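J.: See query-v9.tsv below, with TSV, C-alpha atoms and all ligand atoms.
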```tsv
chain	number	residue	atom	x	y	z
A	218	MET	CA	-10.02	11.50	-8.87
A	219	LYS	CA	-11.88	12.57	-5.76
A	220	ILE	CA	-9.62	14.75	-3.59
A	221	ASN	CA	-10.26	15.12	0.15
A	222	ILE	CA	-8.14	17.54	2.18
A	223	LEU	CA	-8.48	16.88	5.92
A	224	ASP	CA	-6.90	18.48	8.99
A	225	ASN	CA	-4.53	15.73	10.06
A	226	ASP	CA	-3.61	12.08	9.69
A	227	ALA	CA	-5.99	11.00	12.47
A	228	ALA	CA	-8.94	12.44	10.53
A	229	ILE	CA	-7.71	10.69	7.40
A	230	GLY	CA	-7.38	7.40	9.29
A	231	GLU	CA	-10.94	7.72	10.52
A	232	ALA	CA	-12.32	8.47	7.06
A	233	VAL	CA	-10.46	5.63	5.35
A	234	CYS	CA	-11.39	3.22	8.15
A	235	LYS	CA	-15.06	4.03	7.57
A	236	ILE	CA	-14.79	3.29	3.84
A	237	ILE	CA	-13.13	-0.07	4.54
A	238	CYS	CA	-15.61	-1.01	7.29
A	239	ASP	CA	-18.54	-0.14	5.00
A	240	GLU	CA	-17.03	-2.37	2.29
A	241	ILE	CA	-16.62	-5.27	4.74
A	242	LYS	CA	-20.19	-4.85	5.99
A	243	SER	CA	-21.62	-4.94	2.48
A	244	LYS	CA	-19.23	-7.71	1.33
A	245	PRO	CA	-17.84	-9.73	4.28
A	246	GLY	CA	-15.56	-11.74	1.97
A	247	CYS	CA	-14.07	-8.68	0.28
A	248	VAL	CA	-10.45	-8.46	-0.87
A	249	LEU	CA	-8.29	-5.63	0.45
A	250	GLY	CA	-5.01	-4.52	-1.09
A	251	LEU	CA	-2.86	-3.23	1.76
A	252	ALA	CA	0.12	-0.90	2.01
A	253	THR	CA	2.94	-0.43	4.50
A	254	GLY	CA	4.76	2.75	5.53
A	255	ALA	CA	3.66	5.60	7.78
A	256	SER	CA	0.66	6.71	5.69
A	257	PRO	CA	-1.75	3.84	6.44
A	258	VAL	CA	-0.85	3.49	10.15
A	259	PRO	CA	-3.68	5.74	11.47
A	260	THR	CA	-6.13	3.75	9.31
A	261	TYR	CA	-4.88	0.46	10.75
A	262	LYS	CA	-5.22	1.88	14.29
A	263	LYS	CA	-8.82	2.81	13.58
A	264	LEU	CA	-9.55	-0.60	12.04
A	265	VAL	CA	-8.16	-2.30	15.15
A	266	GLU	CA	-10.34	-0.04	17.29
A	267	ALA	CA	-13.42	-0.83	15.21
A	268	TYR	CA	-12.68	-4.55	15.52
A	269	SER	CA	-12.13	-4.27	19.31
A	270	LYS	CA	-15.51	-2.56	19.69
A	271	GLY	CA	-17.17	-5.38	17.74
A	272	GLU	CA	-18.07	-3.07	14.86
A	273	VAL	CA	-16.36	-5.15	12.17
A	274	SER	CA	-15.00	-8.66	11.66
A	275	PHE	CA	-12.23	-9.63	9.26
A	276	LYS	CA	-12.81	-13.36	9.49
A	277	ASP	CA	-13.86	-13.71	5.83
A	278	VAL	CA	-11.71	-10.86	4.47
A	279	SER	CA	-8.72	-11.59	2.24
A	280	THR	CA	-5.73	-9.28	1.85
A	281	PHE	CA	-2.82	-8.82	-0.53
A	282	ASN	CA	0.08	-6.58	0.39
A	283	LEU	CA	1.77	-4.41	-2.20
A	284	ASP	CA	5.42	-5.23	-1.72
A	285	GLU	CA	8.23	-6.79	0.27
A	286	TYR	CA	11.97	-6.29	0.57
A	287	CYS	CA	14.29	-8.81	-1.03
A	288	ASP	CA	17.13	-10.45	0.91
A	289	LEU	CA	15.46	-10.03	4.30
A	290	PRO	CA	14.00	-12.96	6.27
A	291	LYS	CA	10.18	-12.84	6.35
A	292	ASP	CA	10.20	-12.48	10.14
A	293	HIS	CA	12.93	-9.81	10.31
A	294	LYS	CA	11.76	-6.79	12.32
A	295	ASN	CA	11.99	-4.57	9.22
A	296	SER	CA	10.13	-6.86	6.82
A	297	TYR	CA	6.81	-5.59	5.60
A	298	PHE	CA	5.24	-8.85	6.75
A	299	THR	CA	6.33	-8.04	10.31
A	300	PHE	CA	5.02	-4.49	9.89
A	301	MET	CA	1.59	-5.80	8.91
A	302	ARG	CA	1.56	-8.42	11.66
A	303	GLU	CA	2.38	-5.80	14.30
A	304	ASN	CA	0.13	-3.03	13.04
A	305	LEU	CA	-2.89	-5.05	11.98
A	306	PHE	CA	-2.97	-8.81	11.53
A	307	SER	CA	-2.13	-9.79	15.13
A	308	LYS	CA	-4.79	-7.40	16.45
A	309	ILE	CA	-7.81	-8.49	14.40
A	310	ASP	CA	-9.59	-11.76	13.65
A	311	ILE	CA	-8.22	-12.23	10.13
A	312	ASP	CA	-7.54	-15.82	9.05
A	313	MET	CA	-3.81	-15.82	8.20
A	314	ASN	CA	-4.60	-18.31	5.39
A	315	ASN	CA	-6.35	-15.39	3.71
A	316	VAL	CA	-3.32	-13.09	3.93
A	317	GLY	CA	-1.43	-12.78	0.63
A	318	PHE	CA	2.17	-11.59	0.68
A	319	LEU	CA	4.94	-11.41	-1.88
A	320	ASP	CA	7.99	-13.49	-0.94
A	321	GLY	CA	11.05	-11.28	-1.34
A	322	ASN	CA	13.33	-14.31	-1.30
A	323	ALA	CA	11.58	-16.28	-4.03
A	324	ASN	CA	12.32	-16.29	-7.74
A	325	ALA	CA	10.69	-13.05	-8.91
A	326	ASP	CA	9.17	-14.46	-12.11
A	327	SER	CA	7.45	-17.42	-10.50
A	328	GLU	CA	6.44	-15.26	-7.54
A	329	SER	CA	4.84	-12.76	-9.89
A	330	GLU	CA	2.82	-15.51	-11.58
A	331	ARG	CA	1.81	-17.02	-8.25
A	332	TYR	CA	0.61	-13.66	-6.89
A	333	ALA	CA	-1.37	-12.74	-10.01
A	334	ALA	CA	-3.11	-16.14	-9.94
A	335	ALA	CA	-3.85	-15.85	-6.21
A	336	ILE	CA	-5.42	-12.40	-6.64
A	337	GLU	CA	-7.48	-13.60	-9.59
A	338	ALA	CA	-8.64	-16.69	-7.70
A	339	LYS	CA	-10.11	-14.38	-5.04
A	340	GLY	CA	-11.96	-12.37	-7.67
A	341	GLY	CA	-9.60	-9.37	-7.73
A	342	ILE	CA	-8.94	-6.57	-5.28
A	343	ASP	CA	-11.99	-4.59	-4.13
A	344	ILE	CA	-10.17	-1.74	-2.36
A	345	GLN	CA	-6.48	-0.98	-2.84
A	346	LEU	CA	-4.81	1.26	-0.24
A	347	LEU	CA	-1.79	3.23	-1.45
A	348	GLY	CA	0.76	5.69	-0.15
A	349	ILE	CA	2.96	7.72	-2.49
A	350	GLY	CA	6.73	8.16	-2.47
A	351	ARG	CA	8.44	11.55	-2.52
A	352	ASN	CA	9.45	10.67	-6.07
A	353	GLY	CA	5.89	9.72	-7.07
A	354	HIS	CA	6.33	5.97	-6.69
A	355	ILE	CA	3.37	3.76	-5.81
A	356	ALA	CA	4.21	0.53	-4.03
A	357	PHE	CA	7.87	0.18	-5.07
A	358	ASN	CA	7.24	1.13	-8.70
A	359	GLU	CA	9.94	3.77	-9.01
A	360	PRO	CA	10.09	6.44	-11.76
A	361	SER	CA	11.13	4.72	-14.99
A	362	ASP	CA	10.62	4.67	-18.75
A	363	SER	CA	7.59	2.39	-18.80
A	364	PHE	CA	4.68	1.19	-16.69
A	365	THR	CA	4.96	-2.41	-15.53
A	366	ASP	CA	2.10	-4.89	-15.38
A	367	GLU	CA	2.40	-7.71	-12.83
A	368	ALA	CA	4.68	-8.03	-9.78
A	369	TRP	CA	8.39	-7.59	-10.48
A	370	LYS	CA	11.75	-7.17	-8.79
A	371	VAL	CA	12.92	-3.56	-8.55
A	372	THR	CA	16.13	-1.78	-7.71
A	373	LEU	CA	15.21	0.93	-5.24
A	374	THR	CA	16.18	4.53	-6.02
A	375	GLN	CA	18.32	6.68	-3.74
A	376	SER	CA	15.24	8.76	-2.82
A	377	THR	CA	13.47	5.65	-1.50
A	378	ILE	CA	16.60	4.37	0.26
A	379	ASP	CA	17.02	7.78	1.96
A	380	ALA	CA	13.37	7.82	3.05
A	381	ASN	CA	13.29	4.25	4.40
A	382	SER	CA	16.79	3.62	5.72
A	383	VAL	CA	15.88	5.46	8.95
A	384	TYR	CA	13.96	2.31	9.94
A	385	PHE	CA	17.02	0.04	9.62
A	386	ASP	CA	19.51	-0.11	12.47
A	387	ASP	CA	20.95	-3.64	12.67
A	388	VAL	CA	21.22	-4.50	8.96
A	389	PRO	CA	21.70	-2.28	5.89
A	390	MET	CA	18.48	-1.49	4.10
A	391	PRO	CA	17.98	-3.85	1.14
A	392	HIS	CA	18.37	-2.20	-2.25
A	393	HIS	CA	15.88	-4.53	-3.95
A	394	ALA	CA	12.24	-5.30	-3.43
A	395	ILE	CA	9.45	-7.22	-5.12
A	396	THR	CA	6.41	-5.12	-5.81
A	397	MET	CA	2.99	-5.42	-7.37
A	398	GLY	CA	3.18	-3.80	-10.80
A	399	ILE	CA	1.22	-0.80	-12.02
A	400	GLY	CA	-1.14	-3.09	-13.97
A	401	SER	CA	-1.97	-5.15	-10.89
A	402	ILE	CA	-2.69	-1.97	-8.92
A	403	MET	CA	-4.82	-0.47	-11.69
A	404	ARG	CA	-6.99	-3.62	-11.82
A	405	ALA	CA	-8.28	-2.92	-8.28
A	406	LYS	CA	-11.95	-1.90	-8.37
A	407	LYS	CA	-11.42	1.05	-6.05
A	408	ILE	CA	-8.20	2.82	-5.01
A	409	ILE	CA	-7.59	4.98	-1.93
A	410	LEU	CA	-4.34	6.94	-1.79
A	411	ILE	CA	-3.13	8.66	1.39
A	412	ALA	CA	-0.42	11.34	1.48
A	413	THR	CA	0.57	13.53	4.40
A	414	GLY	CA	3.35	16.03	5.02
A	415	ALA	CA	5.18	18.66	2.99
A	416	SER	CA	7.67	16.12	1.61
A	417	LYS	CA	4.83	14.66	-0.51
A	418	ALA	CA	3.49	17.96	-1.90
A	419	GLN	CA	5.40	17.92	-5.21
A	420	ALA	CA	4.62	14.26	-5.88
A	421	VAL	CA	0.94	14.91	-5.11
A	422	ARG	CA	0.86	17.82	-7.56
A	423	ASP	CA	2.56	15.75	-10.27
A	424	MET	CA	0.14	12.87	-9.65
A	425	ILE	CA	-2.98	15.04	-9.93
A	426	ASN	CA	-2.03	17.86	-12.29
A	427	GLY	CA	0.96	16.56	-14.22
A	428	PRO	CA	1.06	14.48	-17.40
A	429	VAL	CA	0.50	10.72	-17.15
A	430	THR	CA	4.05	9.44	-17.29
A	431	PRO	CA	6.03	6.55	-15.78
A	432	GLN	CA	8.44	9.24	-14.55
A	433	CYS	CA	5.72	9.88	-11.94
A	434	PRO	CA	4.20	6.40	-11.53
A	435	ALA	CA	1.26	7.71	-9.43
A	436	SER	CA	0.11	9.85	-12.37
A	437	VAL	CA	-1.32	6.69	-13.95
A	438	LEU	CA	-4.10	6.87	-11.36
A	439	GLN	CA	-5.63	9.69	-13.42
A	440	GLN	CA	-6.74	6.88	-15.76
A	441	HIS	CA	-8.51	4.81	-13.07
A	442	LYS	CA	-12.25	5.33	-12.73
A	443	ASP	CA	-12.52	5.15	-8.93
A	444	VAL	CA	-9.67	6.81	-7.04
A	445	THR	CA	-10.12	8.72	-3.79
A	446	VAL	CA	-7.15	10.72	-2.50
A	447	PHE	CA	-6.83	11.77	1.15
A	448	LEU	CA	-4.38	14.59	1.88
A	449	ASP	CA	-3.48	16.76	4.83
A	450	ARG	CA	-2.95	20.48	4.18
A	451	ALA	CA	0.83	20.16	3.88
A	452	ALA	CA	0.62	17.47	1.21
A	453	ALA	CA	-2.02	19.53	-0.64
A	454	ALA	CA	-0.03	22.77	-0.46
A	455	LEU	CA	1.00	22.85	-4.15
A	456	LEU	CA	-2.41	22.03	-5.64
A	501	LIG	P1	5.20	6.50	3.74
A	501	LIG	O1	5.67	5.81	2.39
A	501	LIG	O2	3.75	6.16	3.90
A	501	LIG	O3	6.06	5.91	4.79
A	501	LIG	O4	5.41	7.98	3.57
A	501	LIG	C1	4.86	5.86	1.28
A	501	LIG	C2	5.61	5.34	0.08
A	501	LIG	O5	6.85	5.49	0.01
A	501	LIG	O6	4.97	4.80	-0.83
```
Mind turning this structure into structure tokens?
T.:
Amino acid sequence: MKINILDNDAAIGEAVCKIICDEIKSKPGCVLGLATGASPVPTYKKLVEAYSKGEVSFKDVSTFNLDEYCDLPKDHKNSYFTFMRENLFSKIDIDMNNVGFLDGNANADSESERYAAAIEAKGGIDIQLLGIGRNGHIAFNEPSDSFTDEAWKVTLTQSTIDANSVYFDDVPMPHHAITMGIGSIMRAKKIILIATGASKAQAVRDMINGPVTPQCPASVLQQHKDVTVFLDRAAAALL
């Protein structure tokens, strides 16, 4: 793993934006794996800026998002689809036909097969963006007894519910989600993980220095050949 410790999330956003823009310039039809949550927001802001200045075009880019809540309409203000539309898709020239998203209201088994086939049909994910949960989860793969392969339906842990329920005001936060599995994430050619803030410090240490175990799902990234981690000083404090 390559570890970069930068001053703040704006600096991280700038650095990750540059990596993504360089990828798009060398491969205009590249496939991006995208994440939601607070961690990638500065990167999305920078990508929007780069697009607005005419430095990059997303018109041939394809994307696949990591996860989506179950039991929430796709257009609900708290859905991850809405998050991506507001933070990125509506502000760039991406063709929405090239946007892949898990359907949290579909049958999980058929949805998993559909998503795996769609990713494969595009030639696989070139760059996968990730955050990390306070409990070491990646996407919504929570600590468990085994690593999963393709997309699956998860029951969210209390740690995740506590972290994310602050965003829900009109409906209770769903307790289930559909998420890309660890295998689907590990098949990405390159992985970029962003973590900021003291609440991530223990998970970051376990990911980098701990044993590879499904009890800390992010630790599996030790076995991927091209992972770049971007941390601020607070998230790196226990390294
Ligand atoms: P965050 O979430 O970026 O909002 O901190 C990351 C995660 O839980 O995977």
J.: For A:Asp362, which residue out of A:Cys433, A:Val444, A:Ile236, A:Ile349 is the nearest one, using all atoms listed in the file?
T.: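 The shortest atom-to-atom distance to A:Asp362 comes from A:Cys433.
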J.: How big is the axis-aligned box around all listed atoms of ligand LIG 501 (chain A) once 5 Å goes on each side, and where's its centre, in Å to one decimal, as AutoDock Vina command-line options?
T.:
```
--center_x 5.3 --center_y 6.4 --center_z 2.0 --size_x 13.1 --size_y 13.2 --size_z 15.6
```
J.: Around the point (3.5, -3.0, 5.0) in the file's coordinates, collect all residues with an atom within 12 Å, using all atoms listed in the file, and return them as a PyMOL selection string.
T.: chain A and resi 250-258+261+280-286+291+294-306+317-319+346-348+356-357+396
J.: Just how far from atom CA of A:Ile399 is atom CA of A:Ser363, in Å to one decimal?
T.: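 According to the coordinates, atom CA of A:Ser363 and atom CA of A:Ile399 are separated by 9.8 Å.
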J.: Hey, can you check how far atom CA of A:Gly246 sits from atom CA of A:Asn221?
T.: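 Separation of atom CA of A:Gly246 and atom CA of A:Asn221: 27.4 Å.
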J.: Closest to A:Phe275 among A:Val429, A:Ile355, A:Ile309, A:Cys287, using only C-alpha atoms?
T.: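 Nearest to A:Phe275: A:Ile309.
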J.: Have a look at atom CA of A:Pro245 and atom CA of A:Asp277 and let me know their distance in Å, one decimal.
T.: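 According to the coordinates, atom CA of A:Pro245 and atom CA of A:Asp277 are separated by 5.8 Å.
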